[in-house]
Each structure stands twice: as C-alpha cells, then as structure tokens.
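Student: Enclosed is the structure file entry16.cif (mmCIF, C-alpha atoms).
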```
data_model
loop_
_atom_site.label_atom_id
_atom_site.label_comp_id
_atom_site.auth_asym_id
_atom_site.auth_seq_id
_atom_site.Cartn_x
_atom_site.Cartn_y
_atom_site.Cartn_z
CA MET A 1 71.09 96.04 -42.00
CA SER A 2 74.42 97.75 -41.50
CA ALA A 3 74.54 100.91 -39.40
CA PHE A 4 76.14 102.67 -42.39
CA VAL A 5 73.09 102.03 -44.58
CA VAL A 6 70.71 103.02 -41.80
CA ASP A 7 72.63 106.25 -41.26
CA TRP A 8 72.27 107.16 -44.94
CA LEU A 9 68.57 106.33 -44.90
CA ASN A 10 68.21 108.46 -41.79
CA LEU A 11 70.08 111.37 -43.36
CA LEU A 12 68.20 111.31 -46.67
CA ILE A 13 64.78 110.99 -45.03
CA ARG A 14 65.63 113.71 -42.50
CA TRP A 15 66.75 115.98 -45.34
CA ALA A 16 63.53 115.35 -47.24
CA HIS A 17 61.51 115.89 -44.06
CA MET A 18 63.14 119.28 -43.54
CA ILE A 19 62.56 120.34 -47.16
CA VAL A 20 58.86 119.50 -47.33
CA GLY A 21 58.32 120.66 -43.74
CA ILE A 22 59.72 124.09 -44.56
CA GLY A 23 57.36 124.22 -47.55
CA TRP A 24 54.33 123.31 -45.41
CA ILE A 25 55.19 125.69 -42.58
CA GLY A 26 55.92 128.44 -45.07
CA THR A 27 52.55 128.14 -46.77
CA SER A 28 50.76 127.96 -43.41
CA PHE A 29 52.45 131.12 -42.15
CA TYR A 30 51.98 132.88 -45.48
CA PHE A 31 48.26 132.23 -45.86
CA ILE A 32 47.42 133.07 -42.25
CA GLY A 33 49.41 136.28 -42.65
CA LEU A 34 47.67 136.95 -45.98
CA ASP A 35 44.23 136.40 -44.44
CA LEU A 36 45.00 138.80 -41.64
CA SER A 37 46.28 141.49 -44.02
CA LEU A 38 43.22 141.52 -46.33
CA LYS A 39 41.36 144.82 -46.55
CA LYS A 40 38.05 145.87 -48.01
CA ARG A 41 38.58 148.38 -50.77
CA GLU A 42 36.41 150.36 -53.14
CA ALA A 43 35.22 148.76 -56.38
CA MET A 44 35.89 145.17 -55.31
CA LYS A 45 34.45 142.37 -57.42
CA GLU A 46 31.25 140.71 -56.34
CA GLY A 47 31.87 138.01 -53.73
CA VAL A 48 35.36 139.27 -52.84
CA TYR A 49 35.91 139.40 -49.09
CA GLY A 50 39.09 141.45 -49.18
CA THR A 51 42.26 142.17 -51.12
CA ALA A 52 45.96 142.64 -50.41
CA TRP A 53 48.78 144.28 -52.30
CA GLU A 54 52.22 142.71 -51.90
CA VAL A 55 55.69 143.29 -53.24
CA HIS A 56 58.36 140.62 -53.58
CA GLY A 57 61.26 139.82 -55.87
CA GLY A 58 60.95 143.08 -57.80
CA GLY A 59 57.28 142.58 -58.67
CA PHE A 60 53.85 143.54 -57.31
CA TYR A 61 51.02 141.14 -56.54
CA HIS A 62 47.32 141.85 -56.12
CA VAL A 63 45.55 139.08 -54.21
CA GLU A 64 41.78 138.70 -53.82
CA LYS A 65 40.00 136.35 -51.43
CA TYR A 66 36.51 134.93 -51.89
CA LEU A 67 34.80 133.71 -48.73
CA VAL A 68 33.53 130.58 -50.49
CA ALA A 69 34.59 130.67 -54.14
CA PRO A 70 34.24 132.86 -57.24
CA PRO A 71 31.48 132.21 -59.79
CA ALA A 72 33.95 130.35 -62.01
CA LEU A 73 37.25 128.60 -61.40
CA PRO A 74 40.23 128.37 -63.75
CA SER A 75 41.57 124.98 -64.86
CA ASP A 76 45.00 125.72 -63.38
CA LEU A 77 43.82 126.13 -59.77
CA ILE A 78 46.78 125.59 -57.41
CA TRP A 79 46.29 123.22 -54.45
CA PHE A 80 48.58 123.39 -51.44
CA LYS A 81 48.49 119.87 -50.03
CA TRP A 82 51.54 117.79 -50.93
CA GLU A 83 53.79 119.74 -48.59
CA ALA A 84 51.64 118.56 -45.67
CA TYR A 85 51.27 114.99 -46.93
CA LEU A 86 54.98 114.51 -47.57
CA THR A 87 55.96 116.12 -44.28
CA TRP A 88 53.96 113.48 -42.41
CA VAL A 89 55.14 110.61 -44.65
CA THR A 90 58.82 111.51 -44.32
CA GLY A 91 58.36 112.12 -40.58
CA PHE A 92 56.83 108.69 -40.09
CA LEU A 93 59.60 107.08 -42.17
CA LEU A 94 62.11 108.85 -39.93
CA LEU A 95 60.26 107.53 -36.88
CA ILE A 96 60.64 104.02 -38.32
CA VAL A 97 64.33 104.31 -39.18
CA GLN A 98 65.41 106.15 -36.03
CA TYR A 99 63.06 104.86 -33.33
CA TYR A 100 61.26 101.70 -34.47
CA TRP A 101 64.36 100.13 -36.02
CA ASN A 102 66.43 100.85 -32.90
CA ALA A 103 63.61 100.59 -30.37
CA ASN A 104 65.77 99.12 -27.59
CA THR A 105 68.18 102.03 -27.91
CA TYR A 106 66.04 105.08 -28.65
CA LEU A 107 62.46 104.18 -27.76
CA ILE A 108 62.50 101.84 -24.76
CA ASP A 109 63.87 102.56 -21.31
CA LYS A 110 63.45 99.46 -19.17
CA SER A 111 63.69 101.51 -15.99
CA ILE A 112 60.48 103.30 -17.09
CA LEU A 113 58.56 100.41 -18.64
CA PRO A 114 60.06 97.05 -19.67
CA MET A 115 58.56 95.95 -22.98
CA LEU A 116 59.35 94.37 -26.33
CA PRO A 117 60.07 96.52 -29.40
CA SER A 118 56.89 95.21 -31.02
CA GLN A 119 54.85 96.38 -28.03
CA ALA A 120 56.46 99.83 -28.10
CA ILE A 121 55.71 100.17 -31.83
CA VAL A 122 52.07 99.11 -31.47
CA ILE A 123 51.55 101.61 -28.64
CA SER A 124 53.13 104.30 -30.83
CA MET A 125 50.83 103.66 -33.80
CA LEU A 126 47.68 103.35 -31.70
CA SER A 127 48.45 106.57 -29.83
CA LEU A 128 48.88 108.55 -33.07
CA ILE A 129 45.59 107.23 -34.44
CA GLY A 130 43.79 107.70 -31.11
CA GLY A 131 45.04 111.27 -30.77
CA TRP A 132 43.52 112.24 -34.12
CA VAL A 133 40.20 110.51 -33.37
CA ILE A 134 39.79 112.30 -30.02
CA TYR A 135 40.78 115.67 -31.48
CA ASP A 136 38.45 115.26 -34.46
CA GLN A 137 35.50 114.35 -32.24
CA LEU A 138 36.18 117.39 -30.05
CA CYS A 139 36.08 119.66 -33.09
CA LYS A 140 32.85 118.07 -34.34
CA SER A 141 31.15 118.21 -30.95
CA ILE A 142 29.44 121.23 -29.40
CA ILE A 143 32.82 122.08 -27.86
CA GLY A 144 34.09 122.89 -31.34
CA ARG A 145 31.74 125.87 -31.53
CA TYR A 146 33.54 127.65 -28.69
CA THR A 147 37.12 128.49 -29.60
CA PRO A 148 38.48 129.15 -26.06
CA LEU A 149 36.95 125.93 -24.70
CA LEU A 150 38.23 123.92 -27.66
CA ALA A 151 41.71 125.40 -27.16
CA VAL A 152 41.70 124.32 -23.50
CA CYS A 153 40.56 120.79 -24.46
CA LEU A 154 43.28 120.51 -27.11
CA PHE A 155 45.86 121.71 -24.58
CA VAL A 156 44.71 119.06 -22.09
CA LEU A 157 44.75 116.39 -24.82
CA ILE A 158 48.36 117.11 -25.80
CA VAL A 159 49.62 117.43 -22.22
CA GLY A 160 47.78 114.22 -21.31
CA ALA A 161 49.46 112.45 -24.23
CA ALA A 162 52.83 113.82 -23.08
CA TYR A 163 52.22 112.44 -19.59
CA MET A 164 51.42 109.02 -21.06
CA PHE A 165 54.46 109.01 -23.35
CA THR A 166 56.84 109.94 -20.52
CA HIS A 167 55.55 106.98 -18.53
CA VAL A 168 55.94 104.56 -21.44
CA TYR A 169 59.01 105.56 -23.47
CA SER A 170 62.53 106.82 -22.93
CA GLY A 171 63.03 110.57 -22.62
CA ARG A 172 63.90 110.95 -26.28
CA GLY A 173 61.17 108.59 -27.38
CA ALA A 174 58.55 110.41 -25.31
CA LEU A 175 59.12 113.94 -26.61
CA ILE A 176 59.53 112.87 -30.22
CA HIS A 177 56.18 111.14 -29.87
CA VAL A 178 54.61 114.34 -28.57
CA GLY A 179 55.83 115.94 -31.80
CA ALA A 180 54.51 113.04 -33.88
CA PHE A 181 51.19 113.19 -32.01
CA ILE A 182 50.74 116.89 -32.84
CA GLY A 183 52.13 116.47 -36.37
CA THR A 184 49.66 113.69 -37.11
CA ILE A 185 46.74 115.87 -36.03
CA MET A 186 48.03 118.67 -38.27
CA ALA A 187 48.59 116.44 -41.31
CA VAL A 188 45.24 114.65 -41.07
CA ASN A 189 43.58 118.05 -40.74
CA VAL A 190 44.85 118.76 -44.23
CA PHE A 191 44.28 115.29 -45.68
CA GLY A 192 40.98 114.46 -43.96
CA VAL A 193 39.23 117.83 -43.59
CA ILE A 194 40.71 120.87 -45.35
CA ILE A 195 41.35 119.37 -48.80
CA PRO A 196 38.15 117.24 -48.92
CA ASN A 197 36.09 120.30 -48.00
CA GLN A 198 37.78 122.34 -50.70
CA LYS A 199 37.09 119.58 -53.22
CA LYS A 200 33.39 119.58 -52.28
CA ILE A 201 33.26 123.33 -52.81
CA VAL A 202 34.87 122.97 -56.25
CA ALA A 203 32.48 120.13 -57.16
CA SER A 204 29.48 122.29 -56.23
CA LEU A 205 30.75 125.12 -58.41
CA LEU A 206 31.24 122.80 -61.37
CA LYS A 207 27.59 121.73 -60.98
CA HIS A 208 26.57 125.41 -60.83
CA GLU A 209 25.36 124.91 -57.26
CA LYS A 210 25.93 127.19 -54.30
CA PRO A 211 28.65 125.69 -52.07
CA ASP A 212 27.96 125.05 -48.40
CA PRO A 213 29.69 127.92 -46.51
CA ARG A 214 30.18 125.60 -43.49
CA LEU A 215 32.78 123.64 -45.46
CA GLY A 216 34.98 126.70 -45.79
CA ALA A 217 34.49 127.65 -42.14
CA ILE A 218 35.46 124.18 -40.93
CA GLY A 219 38.53 124.13 -43.15
CA LYS A 220 39.53 127.57 -41.84
CA GLN A 221 39.18 126.38 -38.23
CA ARG A 222 41.51 123.42 -38.79
CA SER A 223 43.98 125.59 -40.70
CA VAL A 224 44.18 128.02 -37.76
CA HIS A 225 44.75 125.09 -35.38
CA ASN A 226 47.66 123.96 -37.53
CA ASN A 227 49.11 127.45 -37.49
CA TYR A 228 49.10 127.68 -33.69
CA LEU A 229 50.53 124.18 -33.25
CA THR A 230 53.49 124.76 -35.57
CA LEU A 231 55.91 126.38 -33.11
CA PRO A 232 55.43 123.77 -30.35
CA VAL A 233 55.75 120.84 -32.78
CA LEU A 234 59.01 122.22 -34.17
CA LEU A 235 60.55 122.37 -30.71
CA MET A 236 59.41 118.80 -29.96
CA MET A 237 61.04 117.59 -33.16
CA VAL A 238 64.46 118.97 -32.18
CA SER A 239 64.14 118.10 -28.48
CA ASN A 240 66.23 114.91 -28.77
CA HIS A 241 69.32 117.12 -29.12
CA TYR A 242 68.75 118.63 -25.68
CA PRO A 243 69.02 116.35 -22.62
CA MET A 244 67.80 119.20 -20.40
CA LEU A 245 64.40 118.52 -21.97
CA THR A 246 64.39 114.79 -22.68
CA SER A 247 65.95 113.67 -19.40
CA HIS A 248 63.92 115.99 -17.19
CA PRO A 249 61.90 113.95 -14.66
CA GLN A 250 58.78 116.04 -15.39
CA SER A 251 59.25 116.59 -19.10
CA TRP A 252 55.50 116.37 -19.67
CA ILE A 253 55.12 119.57 -17.66
CA LEU A 254 57.74 121.18 -19.89
CA VAL A 255 55.52 120.29 -22.84
CA ALA A 256 52.67 122.25 -21.24
CA PHE A 257 54.77 125.40 -20.99
CA VAL A 258 56.18 124.93 -24.50
CA LEU A 259 52.58 124.91 -25.77
CA LEU A 260 51.85 128.12 -23.85
CA LEU A 261 55.06 129.77 -25.03
CA GLY A 262 54.66 128.80 -28.68
CA GLY A 263 50.96 129.63 -28.74
CA SER A 264 51.53 133.06 -27.19
CA ILE A 265 54.27 133.92 -29.68
CA ARG A 266 52.16 132.74 -32.61
CA HIS A 267 49.16 134.77 -31.43
CA PHE A 268 51.34 137.87 -31.03
CA LEU A 269 52.64 137.51 -34.59
CA ASN A 270 49.19 136.83 -36.04
CA ARG A 271 47.52 139.79 -34.36
CA HIS A 272 50.45 142.05 -35.20
CA GLU A 273 50.14 141.05 -38.86
CA ALA A 274 46.42 141.82 -38.65
CA HIS A 275 47.31 145.36 -37.45
CA ASP A 276 45.17 144.95 -34.32
CA PRO A 277 45.61 147.58 -31.59
CA PHE A 278 48.51 146.46 -29.42
CA ARG A 279 46.38 146.61 -26.27
CA LYS A 280 44.29 143.68 -27.58
CA PHE A 281 47.21 141.28 -27.68
CA ALA A 282 49.68 142.86 -25.26
CA TRP A 283 48.97 140.03 -22.82
CA THR A 284 50.89 137.64 -25.08
CA ILE A 285 54.25 139.17 -24.08
CA PRO A 286 53.97 138.59 -20.31
CA ALA A 287 52.35 135.20 -20.97
CA ALA A 288 55.28 134.12 -23.14
CA ALA A 289 57.76 135.58 -20.63
CA VAL A 290 56.20 133.66 -17.73
CA ALA A 291 56.14 130.40 -19.72
CA PHE A 292 59.78 130.84 -20.74
CA GLY A 293 60.77 131.75 -17.18
CA VAL A 294 59.18 128.58 -15.84
CA LEU A 295 61.02 126.54 -18.47
CA LEU A 296 64.32 128.15 -17.47
CA VAL A 297 63.76 127.46 -13.79
CA MET A 298 62.63 123.87 -14.37
CA THR A 299 65.56 123.01 -16.65
CA ALA A 300 68.24 124.77 -14.58
CA PRO A 301 71.13 122.39 -13.77
CA ARG A 302 70.71 120.50 -10.51
CA PRO A 303 73.95 118.64 -9.83
CA VAL A 304 73.65 115.24 -8.21
CA GLU A 305 74.91 115.28 -4.63
CA ILE A 306 78.02 113.13 -4.46
CA ASP A 307 79.66 112.11 -1.21
CA PRO A 308 83.10 113.81 -1.26
CA SER A 309 84.54 110.85 0.62
CA LEU A 310 83.53 108.43 -2.16
CA GLN A 311 86.71 107.07 -3.75
CA VAL A 312 86.59 105.36 -7.17
CA SER A 313 89.71 103.87 -8.71
CA ASP A 314 90.67 104.05 -12.37
CA ALA A 315 90.06 100.32 -12.71
CA ASP A 316 86.57 100.65 -11.20
CA VAL A 317 85.54 103.52 -13.46
CA LEU A 318 86.80 101.70 -16.56
CA THR A 319 84.83 98.62 -15.55
CA LEU A 320 81.74 100.80 -15.16
CA THR A 321 82.17 102.59 -18.50
CA ALA A 322 83.01 99.34 -20.29
CA LYS A 323 79.57 98.08 -19.30
CA HIS A 324 77.54 101.21 -19.94
CA CYS A 325 79.46 103.45 -22.37
CA ALA A 326 82.11 101.69 -24.43
CA MET A 327 79.70 99.51 -26.39
CA CYS A 328 78.90 102.67 -28.41
CA HIS A 329 81.75 105.04 -27.54
CA ALA A 330 84.64 102.96 -28.82
CA THR A 331 86.91 103.04 -31.86
CA LYS A 332 84.99 99.97 -33.09
CA PRO A 333 81.60 99.94 -31.34
CA THR A 334 80.05 96.57 -30.54
CA HIS A 335 76.52 98.02 -30.51
CA ASP A 336 74.54 97.03 -33.61
CA GLY A 337 73.31 100.58 -34.13
CA PHE A 338 76.73 102.19 -34.62
CA ASP A 339 79.64 101.71 -37.00
CA ALA A 340 81.62 104.53 -35.34
CA ALA A 341 81.57 106.31 -32.00
CA PRO A 342 78.71 108.85 -31.85
CA LYS A 343 80.08 112.36 -32.49
CA GLY A 344 83.57 110.82 -32.48
CA VAL A 345 83.53 110.54 -28.68
CA VAL A 346 85.57 107.50 -27.55
CA LEU A 347 85.45 106.59 -23.86
CA THR A 348 87.73 103.60 -23.41
CA SER A 349 90.53 105.18 -21.37
CA THR A 350 90.79 107.40 -18.32
CA ASP A 351 92.34 110.19 -20.41
CA GLN A 352 89.36 110.12 -22.76
CA LEU A 353 86.92 110.15 -19.86
CA ALA A 354 88.66 113.15 -18.32
CA ALA A 355 88.73 114.96 -21.68
CA HIS A 356 84.94 114.66 -22.00
CA LYS A 357 84.22 115.30 -18.34
CA THR A 358 81.75 118.15 -18.89
CA GLN A 359 79.60 116.26 -21.40
CA ILE A 360 79.60 113.06 -19.32
CA MET A 361 78.62 114.91 -16.15
CA ALA A 362 75.74 116.62 -17.97
CA GLN A 363 74.36 113.56 -19.75
CA ALA A 364 75.18 110.57 -17.55
CA VAL A 365 75.60 111.93 -14.00
CA ASN A 366 73.44 115.01 -13.51
CA GLY A 367 71.13 113.79 -16.28
CA THR A 368 69.96 110.40 -17.51
CA ALA A 369 70.12 110.97 -21.28
CA MET A 370 73.01 108.50 -21.47
CA PRO A 371 73.40 105.63 -21.91
CA LEU A 372 70.76 105.47 -24.64
CA GLY A 373 67.84 103.38 -23.51
CA ASN A 374 69.83 102.45 -20.40
CA GLU A 375 70.07 98.96 -21.91
CA HIS A 376 72.34 97.56 -19.18
CA GLY A 377 70.56 99.21 -16.26
CA MET A 378 72.90 101.97 -15.11
CA THR A 379 71.85 102.71 -11.52
CA GLU A 380 71.84 105.93 -9.53
CA ASP A 381 74.77 104.55 -7.55
CA ASP A 382 76.68 103.91 -10.79
CA ARG A 383 76.11 107.52 -11.83
CA LYS A 384 77.34 108.84 -8.48
CA ARG A 385 80.47 106.69 -8.68
CA LEU A 386 81.16 107.92 -12.21
CA GLY A 387 80.60 111.49 -11.05
CA ALA A 388 82.91 111.03 -8.07
CA TRP A 389 85.73 109.86 -10.32
CA LEU A 390 85.17 112.70 -12.83
CA GLN A 391 85.12 115.33 -10.06
CA SER A 392 88.46 114.09 -8.79
CA HIS A 393 90.03 114.53 -12.23
#
```
Could the structure of this file be written out as structure tokens, please?
Tutor:
Amino acid sequence: MSAFVVDWLNLLIRWAHMIVGIGWIGTSFYFIGLDLSLKKREAMKEGVYGTAWEVHGGGFYHVEKYLVAPPALPSDLIWFKWEAYLTWVTGFLLLIVQYYWNANTYLIDKSILPMLPSQAIVISMLSLIGGWVIYDQLCKSIIGRYTPLLAVCLFVLIVGAAYMFTHVYSGRGALIHVGAFIGTIMAVNVFGVIIPNQKKIVASLLKHEKPDPRLGAIGKQRSVHNNYLTLPVLLMMVSNHYPMLTSHPQSWILVAFVLLLGGSIRHFLNRHEAHDPFRKFAWTIPAAAVAFGVLLVMTAPRPVEIDPSLQVSDADVLTLTAKHCAMCHATKPTHDGFDAAPKGVVLTSTDQLAAHKTQIMAQAVNGTAMPLGNEHGMTEDDRKRLGAWLQSH
C-alpha cells in the first residue's frame, strides 16, 4: 500500500481517536467532578444520595444521584459508553496503521531485541490481553478491598509492563505500548465491568427486584481507576513526539514518575472539587513537584563526549548519512514508509546537514531516536563521527 494512502488512513484514524477520546475523558472528568460536588439538602426525594446545582450555557441544571437506582427508570435513559469503546477501537486501529504496518521502522529496534514483525505484533496483543487479566484479578481478589494496596499493585503492574516493553521494543514502540496497556485496562473496565453492572441493575429494576448494591460499588471503583489513569495515559500517547522520553535509556523509570505526577495532580483536582480541607490533600503539591523534578533531572541533556581530535571529512559524513538517514530524508525517499521526507527535512548534502545541526545532534548523536528502528545498525562510533563533523560546522 502506498505511503500516501497509509498517511491518510493514519490521519483520519488519529482524528477520530482524538474526537472520541476527548468525549470519553470529558465525561469521566465531568462525572467524577459531579459526584464530588453532590450535597445533601432538605426535602430530597427518597433514595437520593445527593444533589448538585449547575449553570452552563445560560441555563440552570438540577442533578440528583441515586446510590443504586430510582424506583422507576425512564425509557430515554442515557448511557455513556460509546466514547470509551470507540476510543479503544480507533486507538487500536492507529496502532495497526502506525506500528504494526511499519513494525521494522517504528516497533522493532534490532539493537534491543531482533525479531520478526509477526513476533512483535503477537507480543503486543498478548501483553494487552495479559495486562487486563492481571489487573482484573487484582481487583477481584482480597487486594481489591484495600484501595491503597490496590493502587500500589496497579502501579507495580504498569511499571513492570513498561520495563518489559523497553526491553522488547524501540523507544517509541515501548512508550506507546505503555499507553495502549493502560488504555486497554480503562476501556475494558467500561465494556466488561461498568456497563454490564449497570445493565444488571436496570434489569433488576424492570423485574421490580432490589438491585445488588455491590454492582454499583464495583462499577464506581473501576470508574475512579479510569479517572486517575487518564493523565498518565495521555502523556504516553504523545510521547513519540519527544525523544527525551522515548530515547532515554531508563524510560521505564520515567513512566513510574509520570504515574506519580499524573496521579498526584488528578487527586489534587478531585479533592479540590470535593471542597475538602486543603490540609487533607496538600501533600499532592510537593509529591507532584518531586516527581516533576526527578523527570527534569533524568531527561536533562547529556551530550555525548566526542574526541575533539576526531576528524571526519565531508565525503565520510555523506557516506554515513546515505546509509542511515537519506533513505527517509531525501527529496524522493527510498524507504517504503515515506513518499516525502519527514517534516520536509532533506539530509543529502553537507549544507543540509549543517542547516539541521541542532535537530540531528539531539536525535541522532546525543539521543538514539533516529534513525527510526535503527534498521541499518547505526553504532555509537557512527554517532560520535556524525557529531564530530556537525560540531566542526
């Protein structure tokens, strides 16, 4: 399939993924915020847990929440589920088009683990399924009754998955799989737990039976998990634009601090919306600050040490870039995955190399983000020679 067609598929699926993802995240944030803003008021209806008054778009809204369900349900009950389903479906399609279709370029790095595209894809699918199974069993076990312990176990599960991915895939492939790993847990929470439990509650009401309150409690637990995982998963999904993350030699540790940072921020916002006394969640600010500080220190530029006496001729550097760069970064790329040079960057002459010196140093000398997948085995010595030439120009 031509790179032009693949690019359009990628763009359309990415666009759809953003649209439905915004819808899902928006409803998650809204309902958690709504839950936390409910108040008990005088003369509430029987079975009502709390109410909230809201203003938006020139109108006023009065919202009531029942802990299980009201005595009767209207026929036009609104279900919030397709945003979650379609976010996962479009995300997986994007994984196919971007990473499975171009596995040798975006998913596999032979210097990390030599394997066939089919092997990389099978590992990907099994890891997503396995992640959900382990998470689900943790929630159903006795551990699931203790929120702090369950949070620690989920943290260890995600960081452990990140460690595995970074020792199997390329930098980009690893972090995008951390995002897919978390996103799959979140989506199956909706598809496999939250919505089925809600349907059982509705079915009980239609039979004039008292619904099992555990069903609502379990659904609430999974919904809260999704809320706290949202900020970390969003960062993982955009990580492939930032070599400081994807090419870091300990990127799995970065994932750990992203989880701490995102979770702390989310907890701060949730407790603030609940109007809790600040002293009860003040710890989130230093926790987030420490996590962010560690991320800054770990990702700070560390230039590769290059012997100042190393001399590289123009002919030598062009031979090097012809092998590792020009297959993509040319007026007419020879790489199957590109019809035009990525971002319009052409690297077939010394003038062009000098013009893009800063980007090349960051991504191919001080970092290993380029070349993609390191298909032709660019060595550390190659990077130092390229850096030596760039520093002299």
Student: Excluding same-chain residues fewer than 4 positions from A:Ala162, what lies within 9 Å of it counting only C-alpha atoms, as a ChimeraX atom specification?
Tutor: /A:157-158,166-167,174-175,177-178,251-253,255-256
Student: Between A:Val159, A:Val89, A:Val188, A:Ala369, which is the closest to A:Leu245 once you count only C-alpha atoms?
Tutor: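 Under the stated criterion, the closest residue is A:Ala369.
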Student: So which residues touch A:Ile22 within 9 Å, counting all atoms listed in the file, skipping near sequence neighbours fewer than 4 positions away, as a compact mmCIF listing (two decimals) with C-alpha atoms, in the frame of the given file?
Tutor:
```txt
# COMPACT_ATOMS: atom_id res chain seq x y z
CA HIS A 17 61.51 115.89 -44.06
CA MET A 18 63.14 119.28 -43.54
CA GLY A 26 55.92 128.44 -45.07
CA THR A 27 52.55 128.14 -46.77
CA GLU A 83 53.79 119.74 -48.59
CA THR A 87 55.96 116.12 -44.28
```
Student: Let me make sure I understand: among A:Gly179, A:Gly47, A:Pro196, A:Pro286, which one has the smallest atom-to-atom distance to A:Leu95 if we use all atoms listed in the file?
Tutor: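 Checking each of A:Gly179, A:Gly47, A:Pro196, A:Pro286 against A:Leu95, counting all atoms listed in the file, the winner is A:Gly179.
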Student: Contacts of A:Arg302 at 9 Å or less, counting only C-alpha atoms, minus same-chain residues fewer than 3 places along, as a JSON list (two decimals) with C-alpha atoms, in the frame of the given file?
Tutor:
```json
[["chain", "number", "residue", "atom", "x", "y", "z"],
["A", 299, "THR", "CA", 65.56, 123.01, -16.65],
["A", 305, "GLU", "CA", 74.91, 115.28, -4.63],
["A", 366, "ASN", "CA", 73.44, 115.01, -13.51],
["A", 367, "GLY", "CA", 71.13, 113.79, -16.28]]
```
Student: Env of A:Val346: 12 Å cut, atoms = all atoms listed in the file, seq-sep filter 6 positions within chain, self excluded. Answer as JSON, numbers by chain.
Tutor: {"A": [321, 322, 325, 326, 327, 328, 329, 330, 331, 332, 333, 340, 352, 353, 354, 355, 356, 360]}
Student: Rounded to one decimal place, report the atom CA of A:Ala3-atom CA of A:Thr358 distance in Å.
Tutor: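 Between these atoms lies a distance of 27.7 Å.
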Student: Pick from A:Lys220, A:His248, A:His272, A:Lys40: nearest to A:Gly171, with all atoms listed in the file counted?
Tutor: A:His248
Student: Rounded to one decimal, what separation in Å do you get between atom CA of A:Tyr163 and atom CA of A:Leu150?
Tutor: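 Computed distance, atom CA of A:Tyr163 to atom CA of A:Leu150, equals 19.8 Å.
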Student: Could you tell me which of A:Gln311, A:Tyr242, A:Ile285, A:Val5 comes closest to A:Gln359 if we count all atoms listed in the file?
Tutor: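 For A:Gln359, the nearest of the given residues is A:Tyr242.
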Student: Just how far from atom CA of A:Glu64 is atom CA of A:Ser37, in Å to one decimal?
Tutor: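 Atom-to-atom, atom CA of A:Ser37 to atom CA of A:Glu64, that is 11.1 Å.
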Student: List the residues selected by the PyMOL selection byres ((chain A and resi 227) around 9) in the file shown, writing them as a list in words.
Tutor: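 Expected selection for the PyMOL selection byres ((chain A and resi 227) around 9) here is Ile25, Ser28, Phe29, Ile32, Met186, Arg222, Ser223, Val224, His225, Asn226, Tyr228, Leu229, Thr230, Leu231 and Arg266 of chain A.
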Student: How would you write, as a PyMOL selection string, the residues chosen by the PyMOL selection byres ((chain A and resi 185) around 9) on this structure?
Tutor: chain A and resi 128-129+131-133+135-136+180-184+186-190+226
Student: Evaluate the PyMOL selection byres ((chain A and resi 291) around 8) here and jot the selected residues down as a list of chain:residue names.
Tutor: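 Written out, the selection comes to A:Phe257, A:Val258, A:Leu260, A:Leu261, A:Ala287, A:Ala288, A:Ala289, A:Val290, A:Phe292, A:Gly293, A:Val294, A:Leu295.
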Student: Now that the selection is made, can you save its residues with C-alpha atoms as a compact mmCIF listing (two decimals), in the coordinates of the input?
Tutor:
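That gives us out.txt:
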```txt
# COMPACT_ATOMS: atom_id res chain seq x y z
CA PHE A 257 54.77 125.40 -20.99
CA VAL A 258 56.18 124.93 -24.50
CA LEU A 260 51.85 128.12 -23.85
CA LEU A 261 55.06 129.77 -25.03
CA ALA A 287 52.35 135.20 -20.97
CA ALA A 288 55.28 134.12 -23.14
CA ALA A 289 57.76 135.58 -20.63
CA VAL A 290 56.20 133.66 -17.73
CA PHE A 292 59.78 130.84 -20.74
CA GLY A 293 60.77 131.75 -17.18
CA VAL A 294 59.18 128.58 -15.84
CA LEU A 295 61.02 126.54 -18.47
```
Student: Determine the nearest neighbour of A:Val238 from the options A:Leu269, A:Ile195, A:Gly144, A:Arg14, counting only C-alpha atoms.
Tutor: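 Once distances to A:Val238 are computed over only C-alpha atoms, the minimum belongs to A:Arg14.
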Student: Residues at most 10 Å from A:Arg41, counting all atoms listed in the file, excluding those fewer than 3 positions away in the same chain, as a ChimeraX atom specification?
Tutor: /A:38,44-45,48-52
Student: Within 12 Å of (86.2, 114.6, -13.7), all atoms listed in the file: residues as a list in words?
Tutor: Val312, Asp314, Val317, Thr350, Asp351, Gln352, Leu353, Ala354, Ala355, His356, Lys357, Thr358, Gln359, Ile360, Met361, Ala362, Val365, Lys384, Arg385, Leu386, Gly387, Ala388, Trp389, Leu390, Gln391, Ser392 and His393 of chain A
Student: So, counting all atoms listed in the file, which residue among A:Ser170, A:Thr334, A:Ser75, A:Asn270 is closest to A:Ala103?
Tutor: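 Ranking A:Ser170, A:Thr334, A:Ser75, A:Asn270 by distance to A:Ala103, first place goes to A:Ser170.
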Student: What box, with edges along x, y and z, holds each listed atom of stretch 227-238 of chain A when 5 Å is added on every side, and can you state its centre and edge lengths in Å to one decimal, as AutoDock Vina command-line options?
Tutor:
```
--center_x 56.8 --center_y 122.6 --center_z -33.7 --size_x 25.4 --size_y 20.1 --size_z 17.5
```
Student: Working from the structure I just supplied, which lacks atoms in stretch 235-246 of chain A, can you model N, CA and C atoms there and output them as a CSV table (one decimal), in the coordinates of the input?
Tutor:
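Once everything was written out, this is result_34.csv:
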```csv
chain,number,residue,atom,x,y,z
A,235,LEU,N,59.7,122.6,-31.9
A,235,LEU,CA,60.6,122.4,-30.7
A,235,LEU,C,60.6,120.9,-30.3
A,236,MET,N,59.4,120.2,-30.3
A,236,MET,CA,59.4,118.8,-30.0
A,236,MET,C,60.3,118.0,-30.9
A,237,MET,N,60.3,118.3,-32.2
A,237,MET,CA,61.0,117.6,-33.2
A,237,MET,C,62.6,117.7,-33.0
A,238,VAL,N,63.0,118.8,-32.4
A,238,VAL,CA,64.5,119.0,-32.2
A,238,VAL,C,64.9,118.7,-30.7
A,239,SER,N,63.9,118.3,-29.9
A,239,SER,CA,64.1,118.1,-28.5
A,239,SER,C,65.2,117.0,-28.2
A,240,ASN,N,65.3,116.0,-29.1
A,240,ASN,CA,66.2,114.9,-28.8
A,240,ASN,C,67.7,115.4,-28.8
A,241,HIS,N,68.0,116.6,-29.2
A,241,HIS,CA,69.3,117.1,-29.1
A,241,HIS,C,69.6,117.8,-27.8
A,242,TYR,N,68.6,117.9,-26.9
A,242,TYR,CA,68.8,118.6,-25.7
A,242,TYR,C,68.3,117.8,-24.5
A,243,PRO,N,69.3,117.2,-23.8
A,243,PRO,CA,69.0,116.4,-22.6
A,243,PRO,C,68.3,117.1,-21.5
A,244,MET,N,68.5,118.4,-21.4
A,244,MET,CA,67.8,119.2,-20.4
A,244,MET,C,66.3,119.1,-20.5
A,245,LEU,N,65.8,118.7,-21.7
A,245,LEU,CA,64.4,118.5,-22.0
A,245,LEU,C,64.0,117.0,-21.9
A,246,THR,N,64.8,116.2,-22.6
A,246,THR,CA,64.4,114.8,-22.7
A,246,THR,C,64.7,114.0,-21.4
```
